[in-house]
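**Student:** Data: target-v1.txt, compact mmCIF, N, CA and C atoms.
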```txt
# COMPACT_ATOMS: atom_id res chain seq x y z
N MET A 155 2.18 -36.54 61.17
CA MET A 155 2.36 -35.38 62.01
C MET A 155 3.79 -34.88 61.86
N ILE A 156 3.93 -33.59 62.01
CA ILE A 156 5.26 -32.98 62.00
C ILE A 156 5.41 -32.14 63.27
N ALA A 157 6.51 -32.35 63.98
CA ALA A 157 6.85 -31.52 65.13
C ALA A 157 7.91 -30.54 64.68
N ARG A 158 7.66 -29.26 64.92
CA ARG A 158 8.64 -28.21 64.61
C ARG A 158 9.16 -27.68 65.93
N ILE A 159 10.46 -27.86 66.15
CA ILE A 159 11.09 -27.57 67.44
C ILE A 159 12.10 -26.46 67.26
N VAL A 160 12.06 -25.48 68.16
CA VAL A 160 13.03 -24.38 68.16
C VAL A 160 13.76 -24.42 69.51
N VAL A 161 15.08 -24.52 69.44
CA VAL A 161 15.93 -24.56 70.63
C VAL A 161 16.79 -23.30 70.63
N THR A 162 16.77 -22.56 71.74
CA THR A 162 17.55 -21.32 71.84
C THR A 162 18.32 -21.29 73.16
N PRO A 163 19.42 -20.56 73.19
CA PRO A 163 20.14 -20.41 74.45
C PRO A 163 19.26 -19.67 75.47
N LYS A 164 19.36 -20.07 76.73
CA LYS A 164 18.62 -19.35 77.77
C LYS A 164 19.11 -17.91 77.81
N PRO A 165 18.24 -16.98 78.21
CA PRO A 165 18.62 -15.55 78.22
C PRO A 165 19.88 -15.25 79.04
N VAL A 166 20.15 -16.02 80.09
CA VAL A 166 21.31 -15.75 80.95
C VAL A 166 22.59 -16.36 80.41
N VAL A 167 22.50 -17.14 79.33
CA VAL A 167 23.67 -17.82 78.76
C VAL A 167 24.30 -16.94 77.69
N ASN A 168 25.62 -16.80 77.75
CA ASN A 168 26.36 -16.05 76.74
C ASN A 168 26.18 -16.75 75.38
N ASP A 169 25.94 -15.97 74.34
CA ASP A 169 25.72 -16.51 72.99
C ASP A 169 26.74 -15.88 72.04
N PRO A 170 27.97 -16.43 71.97
CA PRO A 170 29.00 -15.83 71.12
C PRO A 170 28.62 -15.78 69.65
N GLN A 171 27.89 -16.79 69.17
CA GLN A 171 27.47 -16.78 67.77
C GLN A 171 26.48 -15.64 67.53
N GLY A 172 25.56 -15.42 68.47
CA GLY A 172 24.62 -14.32 68.37
C GLY A 172 25.33 -12.97 68.37
N ILE A 173 26.35 -12.83 69.21
CA ILE A 173 27.13 -11.58 69.27
C ILE A 173 27.82 -11.33 67.94
N THR A 174 28.40 -12.37 67.36
CA THR A 174 29.08 -12.25 66.07
C THR A 174 28.10 -11.83 64.97
N VAL A 175 26.93 -12.44 64.96
CA VAL A 175 25.92 -12.08 63.96
C VAL A 175 25.47 -10.63 64.15
N ARG A 176 25.24 -10.22 65.41
CA ARG A 176 24.84 -8.83 65.68
C ARG A 176 25.89 -7.85 65.18
N GLN A 177 27.16 -8.15 65.45
CA GLN A 177 28.24 -7.27 65.00
C GLN A 177 28.32 -7.23 63.47
N GLY A 178 28.13 -8.38 62.83
CA GLY A 178 28.13 -8.42 61.37
C GLY A 178 26.99 -7.60 60.79
N LEU A 179 25.81 -7.69 61.39
CA LEU A 179 24.67 -6.90 60.92
C LEU A 179 24.94 -5.40 61.07
N ALA A 180 25.56 -5.03 62.20
CA ALA A 180 25.90 -3.62 62.42
C ALA A 180 26.89 -3.14 61.36
N THR A 181 27.86 -3.97 61.03
CA THR A 181 28.84 -3.64 60.00
C THR A 181 28.18 -3.43 58.65
N LEU A 182 27.12 -4.19 58.39
CA LEU A 182 26.40 -4.07 57.13
C LEU A 182 25.38 -2.94 57.12
N GLY A 183 25.32 -2.19 58.22
CA GLY A 183 24.43 -1.04 58.27
C GLY A 183 23.12 -1.27 59.02
N PHE A 184 22.93 -2.44 59.59
CA PHE A 184 21.71 -2.73 60.34
C PHE A 184 21.94 -2.41 61.82
N ARG A 185 22.14 -1.14 62.12
CA ARG A 185 22.48 -0.71 63.47
C ARG A 185 21.30 -0.74 64.43
N GLU A 186 20.09 -0.91 63.90
CA GLU A 186 18.91 -0.97 64.76
C GLU A 186 18.80 -2.30 65.51
N VAL A 187 19.59 -3.30 65.12
CA VAL A 187 19.55 -4.61 65.78
C VAL A 187 20.30 -4.50 67.10
N SER A 188 19.58 -4.72 68.20
CA SER A 188 20.21 -4.58 69.52
C SER A 188 20.65 -5.92 70.11
N ASN A 189 20.06 -7.02 69.65
CA ASN A 189 20.42 -8.32 70.21
C ASN A 189 20.08 -9.41 69.20
N VAL A 190 20.90 -10.46 69.19
CA VAL A 190 20.65 -11.63 68.35
C VAL A 190 20.91 -12.87 69.17
N ARG A 191 20.02 -13.83 69.11
CA ARG A 191 20.20 -15.13 69.74
C ARG A 191 20.15 -16.17 68.62
N VAL A 192 21.13 -17.04 68.55
CA VAL A 192 21.19 -18.06 67.51
C VAL A 192 20.85 -19.41 68.14
N GLY A 193 19.94 -20.13 67.49
CA GLY A 193 19.52 -21.42 68.02
C GLY A 193 19.45 -22.47 66.94
N LYS A 194 18.63 -23.49 67.20
CA LYS A 194 18.48 -24.60 66.26
C LYS A 194 17.00 -24.76 65.91
N TYR A 195 16.73 -25.16 64.67
CA TYR A 195 15.39 -25.49 64.23
C TYR A 195 15.41 -26.95 63.80
N ILE A 196 14.49 -27.74 64.34
CA ILE A 196 14.46 -29.18 64.08
C ILE A 196 13.05 -29.58 63.68
N GLU A 197 12.92 -30.35 62.61
CA GLU A 197 11.63 -30.92 62.22
C GLU A 197 11.70 -32.43 62.38
N VAL A 198 10.68 -32.98 63.03
CA VAL A 198 10.60 -34.41 63.25
C VAL A 198 9.26 -34.90 62.71
N SER A 199 9.29 -35.86 61.80
CA SER A 199 8.06 -36.46 61.30
C SER A 199 7.68 -37.63 62.20
N LEU A 200 6.43 -37.64 62.62
CA LEU A 200 5.95 -38.67 63.55
C LEU A 200 4.81 -39.45 62.92
N GLU A 201 4.76 -40.73 63.22
CA GLU A 201 3.64 -41.54 62.78
C GLU A 201 2.61 -41.58 63.90
N GLY A 202 1.34 -41.67 63.54
CA GLY A 202 0.27 -41.78 64.52
C GLY A 202 -0.73 -40.65 64.37
N ASN A 203 -1.81 -40.75 65.13
CA ASN A 203 -2.89 -39.77 65.05
C ASN A 203 -3.20 -39.10 66.39
N ASN A 204 -2.53 -39.50 67.44
CA ASN A 204 -2.84 -39.01 68.77
C ASN A 204 -1.95 -37.81 69.10
N GLU A 205 -2.54 -36.61 69.09
CA GLU A 205 -1.76 -35.40 69.34
C GLU A 205 -1.19 -35.37 70.75
N HIS A 206 -1.96 -35.79 71.73
CA HIS A 206 -1.50 -35.79 73.13
C HIS A 206 -0.26 -36.67 73.28
N GLU A 207 -0.30 -37.86 72.70
CA GLU A 207 0.85 -38.76 72.77
C GLU A 207 2.05 -38.18 72.02
N ALA A 208 1.80 -37.57 70.88
CA ALA A 208 2.87 -36.94 70.12
C ALA A 208 3.54 -35.84 70.93
N ARG A 209 2.75 -35.03 71.62
CA ARG A 209 3.31 -33.97 72.46
C ARG A 209 4.20 -34.56 73.56
N GLN A 210 3.74 -35.62 74.17
CA GLN A 210 4.53 -36.27 75.23
C GLN A 210 5.84 -36.81 74.68
N ARG A 211 5.79 -37.42 73.49
CA ARG A 211 6.99 -37.98 72.89
C ARG A 211 7.98 -36.88 72.49
N VAL A 212 7.48 -35.80 71.91
CA VAL A 212 8.37 -34.70 71.51
C VAL A 212 8.98 -34.04 72.75
N GLU A 213 8.18 -33.87 73.78
CA GLU A 213 8.71 -33.33 75.05
C GLU A 213 9.86 -34.20 75.55
N ALA A 214 9.68 -35.52 75.51
CA ALA A 214 10.73 -36.44 75.95
C ALA A 214 11.97 -36.33 75.05
N MET A 215 11.76 -36.20 73.74
CA MET A 215 12.89 -36.05 72.82
C MET A 215 13.70 -34.81 73.16
N CYS A 216 13.00 -33.71 73.42
CA CYS A 216 13.68 -32.45 73.73
C CYS A 216 14.47 -32.57 75.04
N LYS A 217 13.85 -33.17 76.04
CA LYS A 217 14.52 -33.30 77.35
C LYS A 217 15.70 -34.26 77.31
N GLN A 218 15.59 -35.32 76.52
CA GLN A 218 16.64 -36.35 76.52
C GLN A 218 17.76 -36.12 75.52
N LEU A 219 17.47 -35.40 74.41
CA LEU A 219 18.51 -35.29 73.39
C LEU A 219 18.58 -33.94 72.69
N LEU A 220 17.45 -33.40 72.28
CA LEU A 220 17.47 -32.26 71.36
C LEU A 220 17.87 -30.94 72.02
N ALA A 221 17.65 -30.79 73.32
CA ALA A 221 18.01 -29.54 74.01
C ALA A 221 18.79 -29.87 75.28
N ASN A 222 19.75 -29.03 75.58
CA ASN A 222 20.49 -29.13 76.84
C ASN A 222 19.76 -28.26 77.84
N HIS A 223 19.00 -28.86 78.75
CA HIS A 223 18.13 -28.09 79.64
C HIS A 223 18.88 -27.15 80.56
N VAL A 224 20.17 -27.34 80.72
CA VAL A 224 20.96 -26.45 81.58
C VAL A 224 21.17 -25.09 80.92
N ILE A 225 21.39 -25.08 79.60
CA ILE A 225 21.72 -23.83 78.92
C ILE A 225 20.75 -23.44 77.81
N GLU A 226 19.77 -24.31 77.50
CA GLU A 226 18.87 -24.03 76.38
C GLU A 226 17.40 -24.14 76.78
N ASP A 227 16.58 -23.34 76.13
CA ASP A 227 15.13 -23.44 76.21
C ASP A 227 14.64 -24.02 74.89
N TYR A 228 13.45 -24.57 74.91
CA TYR A 228 12.87 -25.07 73.67
C TYR A 228 11.36 -24.83 73.67
N ARG A 229 10.83 -24.81 72.46
CA ARG A 229 9.38 -24.76 72.27
C ARG A 229 9.09 -25.54 71.00
N PHE A 230 7.87 -26.02 70.88
CA PHE A 230 7.54 -26.77 69.69
C PHE A 230 6.07 -26.65 69.37
N GLU A 231 5.76 -26.96 68.12
CA GLU A 231 4.38 -27.02 67.67
C GLU A 231 4.22 -28.34 66.92
N ILE A 232 3.00 -28.82 66.93
CA ILE A 232 2.67 -30.05 66.23
C ILE A 232 1.74 -29.69 65.07
N GLU A 233 2.05 -30.18 63.88
CA GLU A 233 1.17 -29.99 62.73
C GLU A 233 0.47 -31.31 62.45
N MET A 234 -0.85 -31.28 62.54
CA MET A 234 -1.66 -32.45 62.23
C MET A 234 -2.60 -32.09 61.11
N ASP A 235 -2.61 -32.87 60.05
CA ASP A 235 -3.54 -32.64 58.95
C ASP A 235 -3.44 -31.22 58.40
N GLY A 236 -2.22 -30.68 58.35
CA GLY A 236 -2.03 -29.35 57.79
C GLY A 236 -2.36 -28.21 58.73
N HIS A 237 -2.66 -28.47 60.01
CA HIS A 237 -3.00 -27.43 60.98
C HIS A 237 -1.92 -27.36 62.06
N HIS A 238 -1.41 -26.16 62.31
CA HIS A 238 -0.40 -25.94 63.34
C HIS A 238 -1.08 -25.83 64.70
N ARG A 239 -0.47 -26.49 65.68
CA ARG A 239 -0.97 -26.39 67.06
C ARG A 239 0.23 -26.19 67.97
N LEU A 240 0.20 -25.11 68.73
CA LEU A 240 1.32 -24.82 69.64
C LEU A 240 1.20 -25.60 70.91
```
Now that the file is in, can you turn its structure into structure tokens?
**Tutor:**
Amino acid sequence: MIARIVVTPKPVVNDPQGITVRQGLATLGFREVSNVRVGKYIEVSLEGNNEHEARQRVEAMCKQLLANHVIEDYRFEIEMDGHHRL
């Protein structure tokens, strides 16, 4: 199994890296971009066949280490046997 995790700053949190990227895009002529949020993408390979247990373990990983729940949101999907499940 593979867990694909996306961690992003919460909407109310200032994102200086996102602001810098937005300004850079505008400088390059991409003026239609109104907002950019920069986050993290994490892939975790898991052993086992139980999707429910895998979801619980990935949830625990996100809460304990991969995301700072005060300033970040996260979402993940589990891929089992080549099929994505949100």
**Student:** Under the rule that only C-alpha atoms are counted, which of A:Glu186, A:Tyr195, A:Gln177, A:Asn222 is the nearest residue to Val160 (chain A)?
**Tutor:**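 Nearest candidate to Val160 (chain A) out of A:Glu186, A:Tyr195, A:Gln177, A:Asn222: A:Tyr195.
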**Student:** Residues near Ile225 (chain A), anyone? I mean within 8 Å using all atoms listed in the file, not counting same-chain ones fewer than 2 positions away, as a PyMOL selection string.
**Tutor:** chain A and resi 162-167+221-223+227-228
**Student:** Go through A:Gly183, A:Met155, A:Leu220, A:Phe230 one by one, measure the shortest atom-to-atom distance of each to Asn203 (chain A) using all atoms listed in the file, and give the residue with the smallest value.
**Tutor:**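 Of A:Gly183, A:Met155, A:Leu220, A:Phe230, the one nearest Asn203 (chain A) is A:Met155, counting all atoms listed in the file.
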**Student:** Based on the backbone DSSP call, show me all residues of chain A assigned strand (DSSP E or B), as a VMD selection string.
**Tutor:** chain A and resid 156 to 163 194 to 199 226 to 234 237 to 239
**Student:** Store the residues picked out above, limited to N, CA and C atoms, as a short mmCIF file (atom, residue, chain, number, x, y, z; two decimals), in the coordinates of the input.
**Tutor:**
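Ended up saving to selection_36.cif:
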```
data_model
loop_
_atom_site.label_atom_id
_atom_site.label_comp_id
_atom_site.auth_asym_id
_atom_site.auth_seq_id
_atom_site.Cartn_x
_atom_site.Cartn_y
_atom_site.Cartn_z
N ILE A 156 3.93 -33.59 62.01
CA ILE A 156 5.26 -32.98 62.00
C ILE A 156 5.41 -32.14 63.27
N ALA A 157 6.51 -32.35 63.98
CA ALA A 157 6.85 -31.52 65.13
C ALA A 157 7.91 -30.54 64.68
N ARG A 158 7.66 -29.26 64.92
CA ARG A 158 8.64 -28.21 64.61
C ARG A 158 9.16 -27.68 65.93
N ILE A 159 10.46 -27.86 66.15
CA ILE A 159 11.09 -27.57 67.44
C ILE A 159 12.10 -26.46 67.26
N VAL A 160 12.06 -25.48 68.16
CA VAL A 160 13.03 -24.38 68.16
C VAL A 160 13.76 -24.42 69.51
N VAL A 161 15.08 -24.52 69.44
CA VAL A 161 15.93 -24.56 70.63
C VAL A 161 16.79 -23.30 70.63
N THR A 162 16.77 -22.56 71.74
CA THR A 162 17.55 -21.32 71.84
C THR A 162 18.32 -21.29 73.16
N PRO A 163 19.42 -20.56 73.19
CA PRO A 163 20.14 -20.41 74.45
C PRO A 163 19.26 -19.67 75.47
N LYS A 194 18.63 -23.49 67.20
CA LYS A 194 18.48 -24.60 66.26
C LYS A 194 17.00 -24.76 65.91
N TYR A 195 16.73 -25.16 64.67
CA TYR A 195 15.39 -25.49 64.23
C TYR A 195 15.41 -26.95 63.80
N ILE A 196 14.49 -27.74 64.34
CA ILE A 196 14.46 -29.18 64.08
C ILE A 196 13.05 -29.58 63.68
N GLU A 197 12.92 -30.35 62.61
CA GLU A 197 11.63 -30.92 62.22
C GLU A 197 11.70 -32.43 62.38
N VAL A 198 10.68 -32.98 63.03
CA VAL A 198 10.60 -34.41 63.25
C VAL A 198 9.26 -34.90 62.71
N SER A 199 9.29 -35.86 61.80
CA SER A 199 8.06 -36.46 61.30
C SER A 199 7.68 -37.63 62.20
N GLU A 226 19.77 -24.31 77.50
CA GLU A 226 18.87 -24.03 76.38
C GLU A 226 17.40 -24.14 76.78
N ASP A 227 16.58 -23.34 76.13
CA ASP A 227 15.13 -23.44 76.21
C ASP A 227 14.64 -24.02 74.89
N TYR A 228 13.45 -24.57 74.91
CA TYR A 228 12.87 -25.07 73.67
C TYR A 228 11.36 -24.83 73.67
N ARG A 229 10.83 -24.81 72.46
CA ARG A 229 9.38 -24.76 72.27
C ARG A 229 9.09 -25.54 71.00
N PHE A 230 7.87 -26.02 70.88
CA PHE A 230 7.54 -26.77 69.69
C PHE A 230 6.07 -26.65 69.37
N GLU A 231 5.76 -26.96 68.12
CA GLU A 231 4.38 -27.02 67.67
C GLU A 231 4.22 -28.34 66.92
N ILE A 232 3.00 -28.82 66.93
CA ILE A 232 2.67 -30.05 66.23
C ILE A 232 1.74 -29.69 65.07
N GLU A 233 2.05 -30.18 63.88
CA GLU A 233 1.17 -29.99 62.73
C GLU A 233 0.47 -31.31 62.45
N MET A 234 -0.85 -31.28 62.54
CA MET A 234 -1.66 -32.45 62.23
C MET A 234 -2.60 -32.09 61.11
N HIS A 237 -2.66 -28.47 60.01
CA HIS A 237 -3.00 -27.43 60.98
C HIS A 237 -1.92 -27.36 62.06
N HIS A 238 -1.41 -26.16 62.31
CA HIS A 238 -0.40 -25.94 63.34
C HIS A 238 -1.08 -25.83 64.70
N ARG A 239 -0.47 -26.49 65.68
CA ARG A 239 -0.97 -26.39 67.06
C ARG A 239 0.23 -26.19 67.97
#
```
**Student:** Quick one: pull the distance between atom C of Gln210 (chain A) and atom N of Val161 (chain A), Å, one decimal.
**Tutor:**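 Pair atom C of Gln210 (chain A) / atom N of Val161 (chain A) returns 16.2 Å.
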**Student:** For a quick check of understanding, using all atoms listed in the file, which of A:Ile156, A:Ala180, A:Leu219, A:Val175 has the smallest distance to Glu201 (chain A)?
**Tutor:**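 Smallest separation from Glu201 (chain A) among the options: A:Ile156.
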**Student:** Using all atoms listed in the file, which residue out of A:Asp169, A:Ala157, A:Glu233, A:Gly178 lies closest to Val212 (chain A)?
**Tutor:**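 Checking each candidate against Val212 (chain A), we get A:Ala157 as the closest.
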**Student:** Residues within 8 Å of Arg209 (chain A), please, as a PDB file with N, CA and C atoms, keeping the file's coordinate frame. Count only N, CA and C atoms; anything in the same chain fewer than 6 positions from it doesn't count.
**Tutor:**
```
ATOM      1  N   MET A 215      11.760 -36.200  73.740  1.00  0.00           N
ATOM      2  CA  MET A 215      12.890 -36.050  72.820  1.00  0.00           C
ATOM      3  C   MET A 215      13.700 -34.810  73.160  1.00  0.00           C
ATOM      4  N   GLU A 231       5.760 -26.960  68.120  1.00  0.00           N
ATOM      5  CA  GLU A 231       4.380 -27.020  67.670  1.00  0.00           C
ATOM      6  C   GLU A 231       4.220 -28.340  66.920  1.00  0.00           C
ATOM      7  N   ILE A 232       3.000 -28.820  66.930  1.00  0.00           N
ATOM      8  CA  ILE A 232       2.670 -30.050  66.230  1.00  0.00           C
ATOM      9  C   ILE A 232       1.740 -29.690  65.070  1.00  0.00           C
TER      10      ILE A 232
END
```
**Student:** From the list A:Val224, A:Val187, A:Leu179, A:Met234, which residue is nearest Glu205 (chain A) when using all atoms listed in the file?
**Tutor:** A:Met234
**Student:** Report the distance between CA of Ala208 (chain A) and CA of Arg158 (chain A) in Å, rounded to one decimal place.
**Tutor:** 11.8 Å
**Student:** Measuring atom to atom with only C-alpha atoms, identify which of A:Asp235, A:Gln218, A:Glu207, A:Gly172 is nearest to Gly193 (chain A).
**Tutor:**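 Ranked by minimum distance to Gly193 (chain A), first place goes to A:Gly172.
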